[in-house]
Structures are given as structure tokens and as C-alpha cells.
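**Q** Just dropping this structure here.
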Amino acid sequence: MASSAHAAPATAAGQEPAPPHKHPYHLVDPSPWPLVGAFSGGAMLFGIVLNSHEGNRWMFLAGLAGLLFTMFMWWRDVLKESRQPGVHTPIVRLGLRYGMMLFIASEVMFFVAFFWAYFHYAIFPENVLGAEHAVWPPAGIKTFDPFHLPLLNTMILLLSGCTVTWAHHGVIHNDRKALIQGLALTVLLGLSFTGLQVLEYMEAPFAFAGGGIYSSTFFLATGFHGFHVMVGTIFLAVCLFRAMAGQFTAERHFGFEAAAWYWHFVDVVWLFLFVAIYVLGAGSSGH
């Protein structure tokens, strides 16, 4: 009887395995990673202060290394847990979906702050401190041509949205080849976007330092979006390796589904950035 508390009872073929306990909810196993992650995050924060005052980076780098290690180990444990029969019940998977939706909602509000800052000055340029003329872009700022690299990156992200949807269609219909090919193309397109954004920054006609409010809002908004693209690319790359290992089925593939949701969110944010900053904000002020 004692062993039955830890092993899912046998079920008929094609049915969901029964949970290893008497309820369908998730009980987290003891784990050191929350504590290790908390200390690593604290060390990284203290390291930022130490670097700012004394130029010493060792504490920050140690905290960052600890945080990355924690992320790897913790998510590895989550992946192992997801493959245990009966643990991720339908109710647990529903909770994971709610959690991912709330996380994406919080990310939306994160970018709302940057859009708010940008439009505060774009609509009311008289609020720019030290400006001789109430114009946007500010005097002396030459903006990007929206129909050069920005348009190419927009096409790349839109295409990546199609390929990740193709991969999703593949996993739903048990087409493993389509799943792997779609994910591989999406990861390649994500890397291409990042490479072109680096090239764009290298050719930027204005610098982050000394460019005033325009360069600050531009680099913060597009830079954080670029960071999200890199995170999403890693997310999808992990899903690609899992797909190649045969860990996704038509019934159980929420890990990939969450990555697809995140990638579509990244696509939508870029469309708003492209229209608001690159197209509507295009211009060259020579005042």
C-alpha cells in the first residue's frame, strides 16, 4: 500500500493516468532552487550596487551565474516532472495555462510603460527638457528608415509566426516531421531577427548616451523587445530538442504551446513598435 501512494495506478489504454495521490491538484516536491535562486538574485542586486560604487563586478557575475544555474536546474526538474504519469493532471495543466496567460499579461503591462513614456513626449514634445523647439523627433535626431532593416525584421517575425503555427498544427495532428521543421525554421528566423537588430544598432544615427529622451525610449523599448526575442528563441530551441526526443504528443504538449503563445506575444509587440516608433515617429529634425 505504501508504494501505491507514489505510483500512478494502471489505466486503460488511451486514458489519462490517475494522479499518484487522492486529489487532482499539484503538490510541489521539496526543492532547493527557490532558496538558491533567491540568494543568487540578492547577490546579483548587491553586485550591481558594488559595481556602481567601486567598479567591482565579481559579486554581480557570481549572482548571475547562480541565477542561470538555478533556472537551468529548476526547469530541468519541471520537465522531468511533466513526464511522470499522472502528475500533470488536466486540472494542473489548466493551472499552468492560467499562469502563462497571467505572465504574458504582466509582460504586456511591462511594455505599456515604455509606450507610455514614448507617447508622452511624442504627443507633447513641449515636455522635453531643454528643447528649443516643441518638435518630435527632437531637434538634431535623424531616425531610421522604417522601410529598410525595420521592415525586413517585421517580415521575419511575421514569417516566424507562420512557422510556429505550422509546428503547432503538426503536433496537434501527430505530424512529428512538421513539428520539428516548423520549430527549426522559427528558431532560425528568431536568430536572424536578433542578428539584424544588432546590425541596426551598429548603424544607428544616434547613440544611447547623449541622445536625450528619444534615444532612451527607443533603445529601451526596442532593446527589451530584442531581449524577449532572445528568450523566446531559447524557449523554442528547448522545445525543438524536446520534439526531437519525442516528448510532445497531440494530447500533452503544453510546454510547446506556452512557447508559441510567448512568441506570438513578441510578434504583436513588435508590430506596435514598428508602427508607433519606426513609421509614425519617422522624420529628421534639423532645427
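Lettering and numbering for the C-alpha cells are positional, with chains as A, B, ... in the shown order, residues counted from 1 in each chain, and ligands counted from 1 in the shown order.
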Can you tell me which residues surround range 156-160 of chain A at a distance of at most 7 Å, considering only C-alpha atoms, apart from same-chain residues fewer than 2 positions away, and format the answer as an NGL selection string?
**A** :A and (152-154 or 162-164 or 186 or 189 or 193 or 267)
**Q** According to DSSP computed on the backbone, where in range 128-240 of chain A is there helix (DSSP H, G or I)? Give the residues as a VMD selection string.
**A** chain A and resid 149 to 172 176 to 202 212 to 240
**Q** So which one's closest to Val266 in chain A, A:Ile104, A:Phe206, A:Cys239, A:Ala38? Using only C-alpha atoms, please.
**A** A:Ile104
**Q** When distances are computed from only C-alpha atoms, which of A:Val231, A:Arg176, A:Val92, A:Phe208 shows the smallest separation from Ala245 in chain A?
**A** A:Arg176
**Q** Can you pull out the residues contacting Gln197 in chain A? Cut-off 12 Å, using only C-alpha atoms, and skip same-chain residues under 4 positions away; I want them as a PyMOL selection string.
**A** chain A and resi 148-154+156-157+190-193+201-204+219+222-227+229-230
**Q** Tell me, in Å to one decimal, how far CA of Arg76 in chain A is from CA of Leu183 in chain A.
**A**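 Interatomic distance here is 20.0 Å.
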**Q** So that I can check the surroundings of range 107-117 of chain A, please list as a list in words every protein, DNA and RNA residue that reaches within 8 Å of it, counting only C-alpha atoms and ignoring chain neighbours fewer than 6 positions away.
**A**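 Skipping anything fewer than 6 positions along the chain leaves Thr217, Leu220, Ala221 and Val269 of chain A.
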**Q** Please compute the CA of Val78 in chain A-CA of Ser31 in chain A distance, one decimal, in Å.
**A**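 CA of Ser31 in chain A lies at a distance of 10.8 Å from CA of Val78 in chain A.
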**Q** Give the answer as one residue: which of A:Val275, A:Val128, A:Val135, A:Met100 has the shortest atom-to-atom distance to Phe256 in chain A, using only C-alpha atoms?
**A**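 Once distances to Phe256 in chain A are computed over only C-alpha atoms, the minimum belongs to A:Met100.
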**Q** Please list as number ranges by chain every residue within 10 Å of His26 in chain A, counting only C-alpha atoms and excluding residues in the same chain fewer than 6 positions away.
**A** A: 19, 87-89, 91-93, 95
**Q** Which is closest to Pro30 in chain A among A:Asp77, A:Gly255, A:Leu199, A:Phe218, if we use only C-alpha atoms?
**A**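 Residue with the minimum atom-to-atom distance to Pro30 in chain A: A:Asp77.
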**Q** If we count only C-alpha atoms, what is near Leu61 in chain A at a cut-off of 9 Å, once residues fewer than 3 positions away on the same chain are taken out, given as an NGL selection string?
**A** :A and (43-44 or 47 or 57-58 or 64-66)
**Q** Can I get the selected residues back with all heavy atoms, as a compact mmCIF listing (two decimals), in the first residue's frame?
**A**
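Result file out-v2.txt:
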# COMPACT_ATOMS: atom_id res chain seq x y z
N ALA A 43 22.44 38.41 -4.49
CA ALA A 43 23.86 38.66 -4.77
C ALA A 43 24.03 39.48 -6.04
O ALA A 43 24.89 40.37 -6.11
CB ALA A 43 24.60 37.32 -4.90
N MET A 44 23.20 39.22 -7.04
CA MET A 44 23.30 39.98 -8.28
C MET A 44 22.91 41.44 -8.05
O MET A 44 23.57 42.36 -8.56
CB MET A 44 22.41 39.36 -9.35
CG MET A 44 22.62 39.94 -10.74
SD MET A 44 21.81 38.99 -12.05
CE MET A 44 20.10 39.31 -11.65
N GLY A 47 25.60 43.05 -6.21
CA GLY A 47 26.73 43.23 -7.12
C GLY A 47 26.57 44.44 -8.01
O GLY A 47 27.57 45.09 -8.37
N ARG A 57 32.97 43.85 -10.18
CA ARG A 57 31.89 43.10 -10.82
C ARG A 57 31.77 41.65 -10.35
O ARG A 57 30.89 40.93 -10.80
CB ARG A 57 32.08 43.10 -12.34
CG ARG A 57 32.05 44.47 -12.96
CD ARG A 57 32.24 44.38 -14.47
NE ARG A 57 32.21 45.70 -15.09
CZ ARG A 57 32.40 45.91 -16.38
NH1 ARG A 57 32.64 44.88 -17.19
NH2 ARG A 57 32.36 47.13 -16.88
N TRP A 58 32.65 41.19 -9.48
CA TRP A 58 32.68 39.76 -9.16
C TRP A 58 31.39 39.31 -8.49
O TRP A 58 30.89 38.21 -8.76
CB TRP A 58 33.89 39.44 -8.28
CG TRP A 58 33.81 39.99 -6.88
CD1 TRP A 58 34.28 41.18 -6.44
CD2 TRP A 58 33.20 39.35 -5.75
NE1 TRP A 58 34.00 41.35 -5.10
CE2 TRP A 58 33.36 40.23 -4.65
CE3 TRP A 58 32.56 38.12 -5.56
CZ2 TRP A 58 32.87 39.93 -3.39
CZ3 TRP A 58 32.08 37.81 -4.29
CH2 TRP A 58 32.24 38.71 -3.22
N LEU A 64 24.79 36.32 -11.09
CA LEU A 64 24.22 35.99 -12.40
C LEU A 64 24.44 34.52 -12.73
O LEU A 64 23.53 33.83 -13.22
CB LEU A 64 24.85 36.87 -13.47
CG LEU A 64 24.40 36.62 -14.91
CD1 LEU A 64 22.90 36.87 -15.07
CD2 LEU A 64 25.19 37.51 -15.88
N ALA A 65 25.65 34.02 -12.44
CA ALA A 65 25.94 32.61 -12.70
C ALA A 65 25.03 31.71 -11.86
O ALA A 65 24.50 30.70 -12.34
CB ALA A 65 27.41 32.31 -12.41
N GLY A 66 24.84 32.08 -10.60
CA GLY A 66 23.96 31.30 -9.73
C GLY A 66 22.52 31.32 -10.21
O GLY A 66 21.82 30.30 -10.16
**Q** Return the single residue from A:Leu50, A:Pro34, A:Pro146, A:Pro125 that is closest to Phe274 in chain A, with distances computed using only C-alpha atoms.
**A**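 Of all the options, A:Pro146 lies closest to Phe274 in chain A.
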